[in-house]
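One structure is given below, encoded as structure tokens.
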Amino acid sequence: MARLTGARPTAARRWGCATAFLLLLLLTVQAAQKADLSGDATATTINHSLTLLQRLQELLQNGNSSDSVLRVRTAASDEAKVFHTHQLLLSLQSEVFERLLRNQSVVTLYEPPETAALFEKFIRYLYCGGVSILLHQAIPMHQLASKYRVWGLQRGVADYMRTHLASESSQGHVVGWYHYAVRIGDAALQESCLQFLAWNLSAVLGSAEWASVSVELLLLLLERSDLVLHSELELYTAVEGWLGRRQPEDPVAERVLRAIRYPMIAPSQLFRLQAQSAVLARHYGAVQDLLFQAFQFHAASPLHFAKYFDVNCSMFLPRNYLAPSWGSQWVINNPARDDRSTSFQTQLGPSSHDAGKRVTWNVLFSPRWLPVSLRPVYSDSVSSAIQPVRIEDGRPRLVVTPATSSPDFAGVSFQKTVLVGVRQQGRVFVKHAYSFHQSSDETADFLAHADLQKRTSEYLIDNSLHLHIIIKPVYHSLIKVKK
């Protein structure tokens, strides 16, 4: 809301024109400097732009020669924050302010308390082109930038949010940022938050922000197979707590409970849930068929079970479980140095029928593997016996293969996922995940953009590569029997 209180003074108009001329002159001089420097080795640049920024900040702070006044009010207070400003500087960055100040010099703005608290920082950005914010200030600052159409600040805050998902905060922030991204329609921020939550779900389950997850977000997470967590039982326990606190209507609760992958939970744990879970007891009728099917899955041979049921659906597909029976962590010190190898064992499959069967996996890591097209080629010429090959021509490679084959593998294929742990803002989290095709022993894009030669690489923690290799057994329907 804006109110007209009087015409702008003539002196202020003259000052505004002078400021416009000053800024235009600055841009012209900078362009001329670049042109003058080309081709002259003795040329140099005298740059006092920081002094200019300081003078502009002093204009805001002292209100010298101001030609407009902003009065910021909140519904909770009768007092207004008053800012003596300069129309030109506000209009240069905001088309909204340009329109508001076109025919009036005093404007009253109504803001919620959270954005009103940051309004001084927001105005300072319009004068100086820079602002410092904290995690809890990101959303209100983005709201101000969006409301007044300051597009550079809006993009900057959105970039800040995408790069600070892993930052530690007392109440958590990623869930709130996701819900905000949905409200404003920022698909890129929404996807970044969703991916972070999926790959670091165990940390979120144990935090205060888990209770603030919306029904829509919870269902989106539950349908994903790339969730990274210790086990399906951990997920069920967290969902049970969410349902107990939120108390949604029965159709919502039943939809949530039916998204749990019960065949991925051991029979002994399923029996305990039936006996002890109040949530499961209340909604038992809605999931009874899934529980019965899970017990059948664990009791029968996977090949026999696959004759009668479709095991190619998500219910029988493991997520990215961190429990030892599904994979192994591997920390590679100085990964740019040379090739490494390791081995580990996993359970053949999630069915209890396969609980005692193990598969041994061999893993080879090469930091500088060369494709065939780049390998040295020998010739008959003595002067060119070997083509020169640079270290940077190679790329990291990870190969995961079973040590042996077995008749037990019939009807089972193995999906492999490699998680890369990185450190950001003092926390270790999963930022990169590489998935293998079922028929392949490696993935072509593994660490394709990583520079392992640099100790400051974001892929390294204390000059070590932190990997977690996950094996996901997938059963296939081989024979269909009419029931």
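Each chain of the structure tokens is named A, B, ... in the order shown, its residues numbered from 1; ligands are numbered from 1 in display order.
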Spatial neighbours of region 245-258 of chain A, max dist 8 Å, only C-alpha atoms, sep filter under 3 positions, as a list of chain:residue names: A:Ala211, A:Val215, A:Leu218, A:Leu219, A:Leu222, A:Val239, A:Gly241, A:Trp242, A:Arg261, A:His283, A:Ala286, A:Val287, A:Leu290
Would you export the selected residues with C-alpha atoms as a PDB file, in the first residue's frame, please?
ATOM      1  CA  ALA A 211       7.522 -33.860  12.285  1.00  0.00           C
ATOM      2  CA  VAL A 215       1.640 -35.672   3.674  1.00  0.00           C
ATOM      3  CA  LEU A 218       6.070 -38.094   2.856  1.00  0.00           C
ATOM      4  CA  LEU A 219       4.297 -39.959   0.064  1.00  0.00           C
ATOM      5  CA  LEU A 222       8.019 -43.377   0.363  1.00  0.00           C
ATOM      6  CA  VAL A 239       6.575 -43.301   9.830  1.00  0.00           C
ATOM      7  CA  GLY A 241       6.085 -41.740  14.937  1.00  0.00           C
ATOM      8  CA  TRP A 242       4.954 -39.305  12.225  1.00  0.00           C
ATOM      9  CA  ARG A 261       7.965 -52.353   1.763  1.00  0.00           C
ATOM     10  CA  HIS A 283      -5.010 -49.906  10.612  1.00  0.00           C
ATOM     11  CA  ALA A 286      -5.708 -51.872   5.463  1.00  0.00           C
ATOM     12  CA  VAL A 287      -2.324 -53.657   5.317  1.00  0.00           C
ATOM     13  CA  LEU A 290       0.618 -56.876   2.418  1.00  0.00           C
TER      14      LEU A 290
END
All residues 7 Å or closer to region 87-91 of chain A, only C-alpha atoms, same chain fewer than 6 positions away omitted, as a PyMOL selection string: chain A and resi 16+67-68+97-98+101+126-127
Region 457-468 of chain A surroundings by only C-alpha atoms, 10 Å radius, close-in-sequence under 5 positions cut, as a VMD selection string: chain A and resid 322 327 to 336 417 to 424 428 430 to 433 447 449 to 452
Residues of region 173-391 of chain A in strand (DSSP E), written as number ranges by chain: A: 228-229, 320-321, 327-333, 340-347, 358-369
With N, CA and C atoms retained, could you export that selection as a PDB file, in the first residue's frame?
ATOM      1  N   VAL A 228      18.191 -43.498   1.099  1.00  0.00           N
ATOM      2  CA  VAL A 228      19.366 -44.016   1.796  1.00  0.00           C
ATOM      3  C   VAL A 228      19.059 -44.024   3.288  1.00  0.00           C
ATOM      4  N   LEU A 229      18.996 -45.219   3.861  1.00  0.00           N
ATOM      5  CA  LEU A 229      18.719 -45.364   5.293  1.00  0.00           C
ATOM      6  C   LEU A 229      19.195 -46.740   5.734  1.00  0.00           C
ATOM      7  N   ASN A 320      18.136 -48.207  -0.805  1.00  0.00           N
ATOM      8  CA  ASN A 320      19.584 -48.161  -0.560  1.00  0.00           C
ATOM      9  C   ASN A 320      19.844 -48.314   0.939  1.00  0.00           C
ATOM     10  N   TYR A 321      19.885 -49.577   1.392  1.00  0.00           N
ATOM     11  CA  TYR A 321      20.055 -49.860   2.819  1.00  0.00           C
ATOM     12  C   TYR A 321      21.539 -49.868   3.184  1.00  0.00           C
ATOM     13  N   GLY A 327      25.792 -54.240   1.892  1.00  0.00           N
ATOM     14  CA  GLY A 327      26.914 -53.570   1.253  1.00  0.00           C
ATOM     15  C   GLY A 327      28.033 -53.294   2.221  1.00  0.00           C
ATOM     16  N   SER A 328      28.926 -52.385   1.819  1.00  0.00           N
ATOM     17  CA  SER A 328      30.108 -52.115   2.640  1.00  0.00           C
ATOM     18  C   SER A 328      30.613 -50.701   2.393  1.00  0.00           C
ATOM     19  N   GLN A 329      31.139 -50.118   3.452  1.00  0.00           N
ATOM     20  CA  GLN A 329      31.798 -48.819   3.334  1.00  0.00           C
ATOM     21  C   GLN A 329      33.245 -49.036   2.926  1.00  0.00           C
ATOM     22  N   TRP A 330      33.793 -48.109   2.144  1.00  0.00           N
ATOM     23  CA  TRP A 330      35.188 -48.223   1.692  1.00  0.00           C
ATOM     24  C   TRP A 330      35.792 -46.832   1.668  1.00  0.00           C
ATOM     25  N   VAL A 331      36.794 -46.611   2.514  1.00  0.00           N
ATOM     26  CA  VAL A 331      37.501 -45.340   2.570  1.00  0.00           C
ATOM     27  C   VAL A 331      38.843 -45.520   1.872  1.00  0.00           C
ATOM     28  N   ILE A 332      39.076 -44.767   0.806  1.00  0.00           N
ATOM     29  CA  ILE A 332      40.297 -44.877   0.005  1.00  0.00           C
ATOM     30  C   ILE A 332      41.164 -43.669   0.300  1.00  0.00           C
ATOM     31  N   ASN A 333      42.276 -43.889   0.986  1.00  0.00           N
ATOM     32  CA  ASN A 333      43.205 -42.808   1.295  1.00  0.00           C
ATOM     33  C   ASN A 333      44.036 -42.472   0.053  1.00  0.00           C
ATOM     34  N   ARG A 340      43.375 -49.605  -6.398  1.00  0.00           N
ATOM     35  CA  ARG A 340      43.076 -50.287  -5.138  1.00  0.00           C
ATOM     36  C   ARG A 340      42.023 -51.360  -5.392  1.00  0.00           C
ATOM     37  N   SER A 341      41.941 -52.292  -4.473  1.00  0.00           N
ATOM     38  CA  SER A 341      40.902 -53.319  -4.557  1.00  0.00           C
ATOM     39  C   SER A 341      40.461 -53.711  -3.156  1.00  0.00           C
ATOM     40  N   THR A 342      39.260 -54.224  -3.059  1.00  0.00           N
ATOM     41  CA  THR A 342      38.726 -54.713  -1.797  1.00  0.00           C
ATOM     42  C   THR A 342      37.670 -55.755  -2.110  1.00  0.00           C
ATOM     43  N   SER A 343      37.188 -56.421  -1.077  1.00  0.00           N
ATOM     44  CA  SER A 343      36.112 -57.399  -1.251  1.00  0.00           C
ATOM     45  C   SER A 343      35.223 -57.382  -0.015  1.00  0.00           C
ATOM     46  N   PHE A 344      33.970 -57.814  -0.199  1.00  0.00           N
ATOM     47  CA  PHE A 344      33.025 -57.890   0.903  1.00  0.00           C
ATOM     48  C   PHE A 344      31.924 -58.868   0.526  1.00  0.00           C
ATOM     49  N   GLN A 345      31.101 -59.203   1.507  1.00  0.00           N
ATOM     50  CA  GLN A 345      30.018 -60.150   1.269  1.00  0.00           C
ATOM     51  C   GLN A 345      28.662 -59.506   1.561  1.00  0.00           C
ATOM     52  N   THR A 346      27.646 -59.947   0.817  1.00  0.00           N
ATOM     53  CA  THR A 346      26.284 -59.518   1.073  1.00  0.00           C
ATOM     54  C   THR A 346      25.371 -60.740   1.073  1.00  0.00           C
ATOM     55  N   GLN A 347      24.194 -60.572   1.635  1.00  0.00           N
ATOM     56  CA  GLN A 347      23.182 -61.625   1.595  1.00  0.00           C
ATOM     57  C   GLN A 347      22.696 -61.769   0.163  1.00  0.00           C
ATOM     58  N   ARG A 358      25.477 -66.288   0.902  1.00  0.00           N
ATOM     59  CA  ARG A 358      26.280 -65.077   0.775  1.00  0.00           C
ATOM     60  C   ARG A 358      26.895 -64.988  -0.623  1.00  0.00           C
ATOM     61  N   VAL A 359      27.075 -63.759  -1.066  1.00  0.00           N
ATOM     62  CA  VAL A 359      27.756 -63.482  -2.325  1.00  0.00           C
ATOM     63  C   VAL A 359      28.985 -62.636  -2.002  1.00  0.00           C
ATOM     64  N   THR A 360      30.133 -63.069  -2.501  1.00  0.00           N
ATOM     65  CA  THR A 360      31.374 -62.311  -2.320  1.00  0.00           C
ATOM     66  C   THR A 360      31.583 -61.397  -3.525  1.00  0.00           C
ATOM     67  N   TRP A 361      31.893 -60.143  -3.230  1.00  0.00           N
ATOM     68  CA  TRP A 361      32.068 -59.145  -4.285  1.00  0.00           C
ATOM     69  C   TRP A 361      33.496 -58.624  -4.278  1.00  0.00           C
ATOM     70  N   ASN A 362      34.071 -58.510  -5.468  1.00  0.00           N
ATOM     71  CA  ASN A 362      35.384 -57.899  -5.659  1.00  0.00           C
ATOM     72  C   ASN A 362      35.200 -56.508  -6.267  1.00  0.00           C
ATOM     73  N   VAL A 363      35.933 -55.549  -5.712  1.00  0.00           N
ATOM     74  CA  VAL A 363      35.812 -54.172  -6.184  1.00  0.00           C
ATOM     75  C   VAL A 363      37.185 -53.656  -6.578  1.00  0.00           C
ATOM     76  N   LEU A 364      37.280 -53.088  -7.768  1.00  0.00           N
ATOM     77  CA  LEU A 364      38.519 -52.483  -8.249  1.00  0.00           C
ATOM     78  C   LEU A 364      38.297 -51.000  -8.454  1.00  0.00           C
ATOM     79  N   PHE A 365      39.184 -50.184  -7.889  1.00  0.00           N
ATOM     80  CA  PHE A 365      39.142 -48.738  -8.104  1.00  0.00           C
ATOM     81  C   PHE A 365      40.419 -48.315  -8.809  1.00  0.00           C
ATOM     82  N   SER A 366      40.250 -47.565  -9.888  1.00  0.00           N
ATOM     83  CA  SER A 366      41.395 -47.036 -10.623  1.00  0.00           C
ATOM     84  C   SER A 366      41.202 -45.539 -10.787  1.00  0.00           C
ATOM     85  N   PRO A 367      42.150 -44.725 -10.319  1.00  0.00           N
ATOM     86  CA  PRO A 367      41.968 -43.267 -10.421  1.00  0.00           C
ATOM     87  C   PRO A 367      42.248 -42.715 -11.810  1.00  0.00           C
ATOM     88  N   ARG A 368      42.996 -43.473 -12.645  1.00  0.00           N
ATOM     89  CA  ARG A 368      43.399 -42.927 -13.941  1.00  0.00           C
ATOM     90  C   ARG A 368      43.261 -43.981 -15.034  1.00  0.00           C
ATOM     91  N   TRP A 369      42.137 -44.664 -15.089  1.00  0.00           N
ATOM     92  CA  TRP A 369      41.912 -45.657 -16.129  1.00  0.00           C
ATOM     93  C   TRP A 369      41.754 -44.954 -17.472  1.00  0.00           C
TER      94      TRP A 369
END
Selection: 12 Å around Glu58 (chain A), only C-alpha atoms, excl. self and same-chain fewer than 6 positions, as number ranges by chain: A: 51-52, 64-66, 84-85, 124, 127-128
Keeping only N, CA and C atoms, write the selected residues as a CSV table (one decimal), in the first residue's frame.
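The resulting file, again14.csv, is shown below:
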chain,number,residue,atom,x,y,z
A,51,THR,N,35.4,2.4,-2.9
A,51,THR,CA,35.1,3.7,-2.2
A,51,THR,C,33.7,4.2,-2.6
A,52,LEU,N,33.4,4.0,-3.9
A,52,LEU,CA,32.1,4.4,-4.4
A,52,LEU,C,31.0,3.6,-3.6
A,64,ASN,N,21.5,11.3,3.4
A,64,ASN,CA,21.9,12.6,2.7
A,64,ASN,C,21.1,12.7,1.4
A,65,SER,N,20.6,13.9,1.2
A,65,SER,CA,19.9,14.2,-0.1
A,65,SER,C,18.8,13.2,-0.5
A,66,SER,N,18.2,12.6,0.4
A,66,SER,CA,17.2,11.6,0.1
A,66,SER,C,16.0,12.3,-0.5
A,84,HIS,N,15.1,6.6,4.8
A,84,HIS,CA,15.2,7.7,3.9
A,84,HIS,C,16.1,7.2,2.7
A,85,THR,N,15.5,7.2,1.6
A,85,THR,CA,16.1,6.5,0.4
A,85,THR,C,16.2,7.5,-0.8
A,124,ARG,N,19.8,-2.3,1.9
A,124,ARG,CA,21.2,-2.1,1.8
A,124,ARG,C,21.7,-2.9,0.5
A,127,TYR,N,21.5,-0.8,-2.5
A,127,TYR,CA,22.5,0.3,-2.6
A,127,TYR,C,23.9,-0.3,-2.9
A,128,CYS,N,24.2,-1.4,-2.3
A,128,CYS,CA,25.6,-1.9,-2.4
A,128,CYS,C,25.7,-3.2,-3.2
Extract, using only C-alpha atoms, all DNA, RNA and protein residues at most 12 Å from Trp151 (chain A), discarding same-chain residues fewer than 4 positions from it, and format them as a compact mmCIF listing (two decimals) with N, CA, C and O atoms, in the first residue's frame.
# COMPACT_ATOMS: atom_id res chain seq x y z
N LEU A 92 16.62 1.49 -9.98
CA LEU A 92 17.58 0.77 -10.82
C LEU A 92 17.46 -0.74 -10.64
O LEU A 92 17.68 -1.51 -11.58
N GLN A 93 17.12 -1.18 -9.43
CA GLN A 93 17.11 -2.62 -9.15
C GLN A 93 15.71 -3.21 -9.06
O GLN A 93 15.55 -4.42 -9.15
N SER A 94 14.70 -2.38 -8.87
CA SER A 94 13.35 -2.89 -8.64
C SER A 94 12.33 -2.13 -9.47
O SER A 94 12.12 -0.93 -9.25
N GLU A 95 11.67 -2.83 -10.37
CA GLU A 95 10.62 -2.19 -11.16
C GLU A 95 9.41 -1.85 -10.29
O GLU A 95 8.64 -0.94 -10.60
N VAL A 96 9.24 -2.58 -9.18
CA VAL A 96 8.14 -2.28 -8.27
C VAL A 96 8.35 -0.93 -7.60
O VAL A 96 7.43 -0.10 -7.53
N LEU A 126 20.12 -3.14 -2.23
CA LEU A 126 19.80 -2.31 -3.38
C LEU A 126 20.83 -1.20 -3.58
O LEU A 126 21.05 -0.75 -4.71
N GLY A 129 24.64 -3.87 -3.58
CA GLY A 129 24.76 -5.08 -4.39
C GLY A 129 25.24 -6.29 -3.64
O GLY A 129 25.66 -7.28 -4.26
N MET A 141 14.11 -13.44 2.96
CA MET A 141 14.85 -12.61 2.01
C MET A 141 14.42 -12.93 0.57
O MET A 141 14.29 -12.04 -0.27
N HIS A 142 14.19 -14.21 0.29
CA HIS A 142 13.72 -14.60 -1.03
C HIS A 142 12.32 -14.02 -1.29
O HIS A 142 12.00 -13.61 -2.41
N GLN A 143 11.49 -13.98 -0.24
CA GLN A 143 10.15 -13.40 -0.38
C GLN A 143 10.23 -11.91 -0.71
O GLN A 143 9.48 -11.42 -1.57
N LEU A 144 11.13 -11.19 -0.06
CA LEU A 144 11.30 -9.77 -0.36
C LEU A 144 11.78 -9.57 -1.80
O LEU A 144 11.27 -8.71 -2.53
N ALA A 145 12.78 -10.36 -2.20
CA ALA A 145 13.31 -10.23 -3.56
C ALA A 145 12.24 -10.53 -4.60
O ALA A 145 12.17 -9.88 -5.65
N SER A 146 11.40 -11.51 -4.31
CA SER A 146 10.34 -11.87 -5.25
C SER A 146 9.24 -10.81 -5.30
O SER A 146 8.75 -10.44 -6.37
N LYS A 147 8.85 -10.31 -4.12
CA LYS A 147 7.76 -9.33 -4.05
C LYS A 147 8.12 -8.05 -4.79
O LYS A 147 7.27 -7.48 -5.51
N ARG A 155 17.70 -14.83 -7.42
CA ARG A 155 18.54 -15.95 -7.90
C ARG A 155 19.66 -16.26 -6.90
O ARG A 155 19.99 -17.41 -6.66
N GLY A 156 20.22 -15.22 -6.31
CA GLY A 156 21.31 -15.43 -5.36
C GLY A 156 20.86 -16.18 -4.12
O GLY A 156 21.56 -17.08 -3.65
N VAL A 157 19.69 -15.85 -3.60
CA VAL A 157 19.18 -16.54 -2.41
C VAL A 157 18.84 -17.99 -2.76
O VAL A 157 19.11 -18.91 -1.98
N ALA A 158 18.25 -18.22 -3.94
CA ALA A 158 17.93 -19.59 -4.35
C ALA A 158 19.20 -20.42 -4.48
O ALA A 158 19.24 -21.60 -4.07
Secondary structure check, helix (DSSP H, G or I) residues of region 313-345 of chain A, as a PDB file with N, CA and C atoms, in the first residue's frame:
ATOM      1  N   SER A 314       7.656 -52.447  -6.993  1.00  0.00           N
ATOM      2  CA  SER A 314       8.481 -51.753  -6.002  1.00  0.00           C
ATOM      3  C   SER A 314       8.448 -52.427  -4.636  1.00  0.00           C
ATOM      4  N   MET A 315       7.359 -53.145  -4.295  1.00  0.00           N
ATOM      5  CA  MET A 315       7.254 -53.773  -2.990  1.00  0.00           C
ATOM      6  C   MET A 315       8.399 -54.741  -2.718  1.00  0.00           C
ATOM      7  N   PHE A 316       8.943 -55.354  -3.772  1.00  0.00           N
ATOM      8  CA  PHE A 316      10.008 -56.350  -3.616  1.00  0.00           C
ATOM      9  C   PHE A 316      11.367 -55.809  -4.046  1.00  0.00           C
ATOM     10  N   PRO A 324      25.004 -53.795   7.095  1.00  0.00           N
ATOM     11  CA  PRO A 324      26.136 -54.571   6.560  1.00  0.00           C
ATOM     12  C   PRO A 324      25.730 -55.688   5.607  1.00  0.00           C
ATOM     13  N   SER A 325      24.539 -56.256   5.752  1.00  0.00           N
ATOM     14  CA  SER A 325      24.151 -57.362   4.875  1.00  0.00           C
ATOM     15  C   SER A 325      23.861 -56.900   3.454  1.00  0.00           C
ATOM     16  N   TRP A 326      23.817 -55.579   3.230  1.00  0.00           N
ATOM     17  CA  TRP A 326      23.498 -55.051   1.902  1.00  0.00           C
ATOM     18  C   TRP A 326      24.673 -54.383   1.215  1.00  0.00           C
TER      19      TRP A 326
END
For Thr443 (chain A): contacts at 10 Å, only C-alpha atoms, fewer than 4 positions along chain excluded, given as a PyMOL selection string: chain A and resi 397-400+416-418+434-437+447
Using the selection just defined, write its residues with N, CA and C atoms as a short mmCIF file (atom, residue, chain, number, x, y, z; two decimals), in the first residue's frame.
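Full text of part-v2.cif as output:
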data_model
loop_
_atom_site.label_atom_id
_atom_site.label_comp_id
_atom_site.auth_asym_id
_atom_site.auth_seq_id
_atom_site.Cartn_x
_atom_site.Cartn_y
_atom_site.Cartn_z
N ARG A 397 37.60 -45.02 -12.26
CA ARG A 397 36.79 -46.18 -12.66
C ARG A 397 36.56 -47.06 -11.44
N LEU A 398 35.34 -47.58 -11.29
CA LEU A 398 35.02 -48.50 -10.22
C LEU A 398 34.31 -49.70 -10.84
N VAL A 399 34.85 -50.89 -10.61
CA VAL A 399 34.29 -52.12 -11.16
C VAL A 399 33.89 -53.02 -10.00
N VAL A 400 32.63 -53.46 -9.99
CA VAL A 400 32.10 -54.33 -8.93
C VAL A 400 31.63 -55.63 -9.58
N LYS A 416 23.65 -52.24 -8.44
CA LYS A 416 24.69 -51.70 -7.56
C LYS A 416 24.58 -50.18 -7.49
N THR A 417 24.77 -49.67 -6.31
CA THR A 417 24.75 -48.22 -6.09
C THR A 417 25.98 -47.84 -5.30
N VAL A 418 26.66 -46.79 -5.72
CA VAL A 418 27.83 -46.28 -5.00
C VAL A 418 27.52 -44.88 -4.50
N TYR A 434 25.84 -43.06 -7.64
CA TYR A 434 26.01 -43.63 -8.98
C TYR A 434 25.36 -45.01 -9.00
N SER A 435 24.47 -45.22 -9.97
CA SER A 435 23.77 -46.50 -10.07
C SER A 435 24.21 -47.24 -11.32
N PHE A 436 24.38 -48.56 -11.17
CA PHE A 436 24.82 -49.41 -12.25
C PHE A 436 23.60 -50.04 -12.92
N HIS A 437 23.68 -50.23 -14.21
CA HIS A 437 22.66 -51.03 -14.89
C HIS A 437 22.79 -52.47 -14.44
N LEU A 447 32.36 -40.54 -10.97
CA LEU A 447 33.28 -39.44 -10.64
C LEU A 447 33.76 -38.71 -11.88
#
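The interatomic distance for the pair CA of Ala75 (chain A) and CA of Pro112 (chain A) works out to 7.1 Å.
Across the structure, CA of Glu111 (chain A) and CA of Arg55 (chain A) are spaced 28.4 Å apart.
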Within 7 Å of region 184-196 of chain A, counting only C-alpha atoms, which residues qualify if same-chain residues fewer than 6 places away don't, as a short mmCIF file (atom, residue, chain, number, x, y, z; two decimals) with all heavy atoms, in the first residue's frame?
data_model
loop_
_atom_site.label_atom_id
_atom_site.label_comp_id
_atom_site.auth_asym_id
_atom_site.auth_seq_id
_atom_site.Cartn_x
_atom_site.Cartn_y
_atom_site.Cartn_z
N ARG A 162 20.32 -23.86 -2.35
CA ARG A 162 20.73 -25.13 -2.97
C ARG A 162 22.11 -25.57 -2.50
O ARG A 162 22.38 -26.77 -2.43
CB ARG A 162 20.72 -24.99 -4.50
CG ARG A 162 19.33 -25.09 -5.10
CD ARG A 162 19.39 -25.22 -6.61
NE ARG A 162 19.80 -23.97 -7.23
CZ ARG A 162 18.96 -23.03 -7.63
NH1 ARG A 162 17.66 -23.20 -7.46
NH2 ARG A 162 19.40 -21.92 -8.19
N VAL A 174 15.78 -28.04 5.57
CA VAL A 174 15.57 -28.54 4.22
C VAL A 174 14.09 -28.81 3.96
O VAL A 174 13.56 -28.52 2.88
CB VAL A 174 16.41 -29.80 3.96
CG1 VAL A 174 16.22 -30.29 2.53
CG2 VAL A 174 17.90 -29.51 4.21
N TYR A 178 11.87 -27.08 1.12
CA TYR A 178 11.14 -27.83 0.11
C TYR A 178 9.70 -27.34 0.01
O TYR A 178 9.18 -27.09 -1.09
CB TYR A 178 11.15 -29.33 0.44
CG TYR A 178 10.23 -30.13 -0.47
CD1 TYR A 178 10.66 -30.54 -1.73
CD2 TYR A 178 8.92 -30.42 -0.08
CE1 TYR A 178 9.80 -31.23 -2.58
CE2 TYR A 178 8.06 -31.11 -0.93
CZ TYR A 178 8.51 -31.52 -2.16
OH TYR A 178 7.66 -32.19 -3.00
#
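The spacing separating CA of Val82 (chain A) from CA of Leu153 (chain A) amounts to 22.2 Å.
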